Amino acid sequence: MAEDSAHLPAEILLSKRVQEMVLNDEEPPAPYKCRQDAESEDDDDSLSASPIPIIDLSRLSSSQEPAQETEEELQKIKLALSSWGCFQAIGHGISGSFLDKVRQVTREFFAQPMDEKKKYAKAVLEFEGYGADPVPEEGQSLDWSDRLFLNVQPADQRNYKLWPSNPDSFREVLEEYTEEMKRVTELVSRAMAKSLNLDEDCFLRQFGERSQLQARFNYYSPCKRPDLVLGLKPHSDGSGYTILMQDEVGLQVLKNDKWFKVPKNPHALLILMADQMQIMTNGIFKSPVHRVLSNSERDRISVVVFYTPEVGKEIGPEDGLIDDKTPKLFKKVKDYADIHWGYYQRGMSALHAAQV
Ligand code: OGA
Ligand code: NI
C-alpha cells in the first residue's frame, strides 16, 4: 500500500489523514520525506536547561510591584524578542487546570474515529476545518500532522458548523480560551510597546478593532521515520504574533543557525513573534523560523492561536522607531498573511515582499 501511495499527487494524498496512515501501519509516502539533515543533536537531551527566555507577565500587570521590577521585565521582553523572537510566558493569569482542559478536549477530539472527525473536514483548498494545509506547490513536502483550524475572533466570523460537538465541552472551552487569548494579546501588545518606549496602545491600534484570532489544533502522530519526516516544516508565521501551547516537546526555534527545543512547561504559553510584528517594529523584533520534529514513540498536540491585524488594514513600522539614523526597512502592507501564504507554499519566506 505504501508503494502505491508514494506516487500519488499531493492533493490525493492530502485527502487521507496522517492518523489513518499510522493506524494502517503505512510508511510515510514520498511527499512527506523532506529531511536529509537529521542531525544527531535532535535527540540530544543533554542541553536540558533550555535557553529560551522566560517572562513573568504578572510582574507587568500588578500595580503593587515596584516600578523597577516592571522595568526589568520589560527589558527582558525587549531582549528576548530582538534576539530569539519568542519567550515562554508564565504568570499570564490562565490557570493550569484550564490549560489542561484545553489540552484534554484537543486530545479527545483527535482520539475519535475518523468518521466523526471527518464531519468537520475542510475542502482541500480551504483553511478552516479538519484536515491538512491546502495543497502546497509542486515539489513541496507535506507535514506529518493533522489539524483542526477555526476562526475564533471576531465572533461574527465563527463558523460553528465546523466546531466539533464532541467532546461536548469543546465549544465552551474554546470560547473561554478565546476570551483568555484576547486578554493575553492586550497585555502582551502593551508590554511590547512599552519595552520599546512607544505609546502602549500603538500595536493594538495597528491590529485594529476587528483584529483576528485563529485557533489551530495540531495533532502530531508518531512516525516510524523521524529521520526523514517533519511534523511541521521550517517556517515563520504570517500573523502578527502567535501564542502556542504544547503538551510534549517537539517544537524547535532557529537561532544563529542552530535549532533550540522549546521545553515542556505545562503552565507556560510560548509567545512567538511573526512576520507582521517584525514589520511593525521595523525589524527590531525577529520573526523566528521554527519547525516540529516527528517522534517515533509518542504523539503530541499543540494549540496555536494566530493573532493577526484586521482584514484590509494597513500596517507598517511604528513612526517612533524611525529617525535619521534608522531608516524604514519595511513598507506599509495590508493582508500580509495572504502574501505570506503564497510564499509559504513554495517553501519561502515572504518578508522580502514587504521590504523597502
Ligand atoms: C504553527 C506552528 C508549532 C507547534 O502552527 O504555525 O508553528 O508546536 N506550530 O505545533
Ligand atoms: Ni508556526
# chains A, B, ... in the order shown; residues from 1 in each chain; ligands from 1

$ residues_near_ligand --ligand "ligand 2" --cutoff "12 Å" --atoms "only C-alpha atoms and all ligand atoms" --output "ChimeraX atom specification"
/A:86,215-218,231-245,251-254,270-275,287-292,302-307,341,344

$ select_by_dssp --residues "region 60-280 of chain A" --states "strand (DSSP E or B)" --output "ChimeraX atom specification"
/A:86-90,121,129-131,146-153,212-220,229-235,241-246,251-255,258-261,269-273

$ write_last_selection --atoms "C-alpha atoms" --output "PDB file, in the first residue's frame"
ATOM      1  CA  CYS A  86       9.988  34.418  21.341  1.00  0.00           C
ATOM      2  CA  PHE A  87       9.652  33.768  25.056  1.00  0.00           C
ATOM      3  CA  GLN A  88       7.834  31.420  27.342  1.00  0.00           C
ATOM      4  CA  ALA A  89       5.259  33.398  29.296  1.00  0.00           C
ATOM      5  CA  ILE A  90       4.334  32.467  32.829  1.00  0.00           C
ATOM      6  CA  ALA A 121     -13.499  18.099   7.142  1.00  0.00           C
ATOM      7  CA  GLY A 129     -11.940  22.791   9.299  1.00  0.00           C
ATOM      8  CA  TYR A 130     -10.276  19.442   9.876  1.00  0.00           C
ATOM      9  CA  GLY A 131      -7.511  18.246   7.557  1.00  0.00           C
ATOM     10  CA  ASP A 146      -3.398  16.650  11.169  1.00  0.00           C
ATOM     11  CA  ARG A 147      -5.179  19.869  12.122  1.00  0.00           C
ATOM     12  CA  LEU A 148      -8.375  21.493  13.047  1.00  0.00           C
ATOM     13  CA  PHE A 149      -8.337  25.157  12.084  1.00  0.00           C
ATOM     14  CA  LEU A 150     -11.055  27.549  13.301  1.00  0.00           C
ATOM     15  CA  ASN A 151     -11.643  31.304  13.124  1.00  0.00           C
ATOM     16  CA  VAL A 152     -12.484  32.376  16.650  1.00  0.00           C
ATOM     17  CA  GLN A 153     -12.396  36.194  16.641  1.00  0.00           C
ATOM     18  CA  GLN A 212      -8.340  38.329  14.171  1.00  0.00           C
ATOM     19  CA  LEU A 213      -7.670  35.274  16.295  1.00  0.00           C
ATOM     20  CA  GLN A 214      -7.481  31.888  14.611  1.00  0.00           C
ATOM     21  CA  ALA A 215      -7.007  28.651  16.510  1.00  0.00           C
ATOM     22  CA  ARG A 216      -5.152  25.721  15.045  1.00  0.00           C
ATOM     23  CA  PHE A 217      -5.268  22.429  16.914  1.00  0.00           C
ATOM     24  CA  ASN A 218      -2.388  20.252  15.742  1.00  0.00           C
ATOM     25  CA  TYR A 219      -2.098  16.516  16.173  1.00  0.00           C
ATOM     26  CA  TYR A 220       1.326  15.025  15.553  1.00  0.00           C
ATOM     27  CA  VAL A 229       9.808  13.328   8.095  1.00  0.00           C
ATOM     28  CA  LEU A 230       8.915  16.521   9.977  1.00  0.00           C
ATOM     29  CA  GLY A 231       5.740  17.175  11.928  1.00  0.00           C
ATOM     30  CA  LEU A 232       5.789  20.692  10.502  1.00  0.00           C
ATOM     31  CA  LYS A 233       8.299  22.104   8.033  1.00  0.00           C
ATOM     32  CA  PRO A 234      10.528  25.092   8.872  1.00  0.00           C
ATOM     33  CA  HIS A 235       8.644  28.377   8.520  1.00  0.00           C
ATOM     34  CA  TYR A 241       2.309  37.094  16.571  1.00  0.00           C
ATOM     35  CA  THR A 242       1.369  33.646  17.760  1.00  0.00           C
ATOM     36  CA  ILE A 243       0.506  32.152  21.152  1.00  0.00           C
ATOM     37  CA  LEU A 244       1.289  28.494  21.421  1.00  0.00           C
ATOM     38  CA  MET A 245       0.680  25.786  23.950  1.00  0.00           C
ATOM     39  CA  GLN A 246       2.036  22.246  23.668  1.00  0.00           C
ATOM     40  CA  LEU A 251       8.858  22.372  18.630  1.00  0.00           C
ATOM     41  CA  GLN A 252      12.232  23.903  17.800  1.00  0.00           C
ATOM     42  CA  VAL A 253      13.208  27.522  17.173  1.00  0.00           C
ATOM     43  CA  LEU A 254      16.120  28.531  14.959  1.00  0.00           C
ATOM     44  CA  LYS A 255      18.658  30.994  16.356  1.00  0.00           C
ATOM     45  CA  LYS A 258      21.028  26.307  15.478  1.00  0.00           C
ATOM     46  CA  TRP A 259      17.808  24.612  16.498  1.00  0.00           C
ATOM     47  CA  PHE A 260      16.698  25.002  20.111  1.00  0.00           C
ATOM     48  CA  LYS A 261      13.936  22.969  21.632  1.00  0.00           C
ATOM     49  CA  LEU A 269       2.494  29.834  26.782  1.00  0.00           C
ATOM     50  CA  LEU A 270       5.026  30.425  24.052  1.00  0.00           C
ATOM     51  CA  ILE A 271       4.737  33.970  22.676  1.00  0.00           C
ATOM     52  CA  LEU A 272       6.246  33.783  19.200  1.00  0.00           C
ATOM     53  CA  MET A 273       6.771  36.820  17.000  1.00  0.00           C
TER      54      MET A 273
END

$ select_by_dssp --residues "region 83-191 of chain A" --states "alpha helix (DSSP H)" --output "VMD selection string"
chain A and resid 83 96 to 111 114 to 117 170 to 191

$ closest_residue --among "A:Lys76, A:Lys194, A:Lys264, A:His352" --to "ligand 1" --atoms "only C-alpha atoms and all ligand atoms"
A:Lys264

$ residues_around --residues "Arg225 (chain A)" --least-positions-apart "6" --cutoff "8 Å" --atoms "only C-alpha atoms" --output "list in words"
Glu27, Pro28, Ser294 and Ser296 of chain A

$ write_last_selection --atoms "N, CA and C atoms" --output "short mmCIF file (atom, residue, chain, number, x, y, z; two decimals), in the first residue's frame"
data_model
loop_
_atom_site.label_atom_id
_atom_site.label_comp_id
_atom_site.auth_asym_id
_atom_site.auth_seq_id
_atom_site.Cartn_x
_atom_site.Cartn_y
_atom_site.Cartn_z
N GLU A 27 4.18 3.19 5.79
CA GLU A 27 5.40 4.00 5.77
C GLU A 27 5.03 5.39 5.23
N PRO A 28 5.73 6.44 5.65
CA PRO A 28 5.42 7.75 5.06
C PRO A 28 5.63 7.74 3.54
N SER A 294 9.28 15.01 14.20
CA SER A 294 8.44 13.83 14.45
C SER A 294 9.10 13.00 15.52
N SER A 296 9.24 8.93 17.08
CA SER A 296 8.87 7.55 16.71
C SER A 296 7.97 6.90 17.76
#
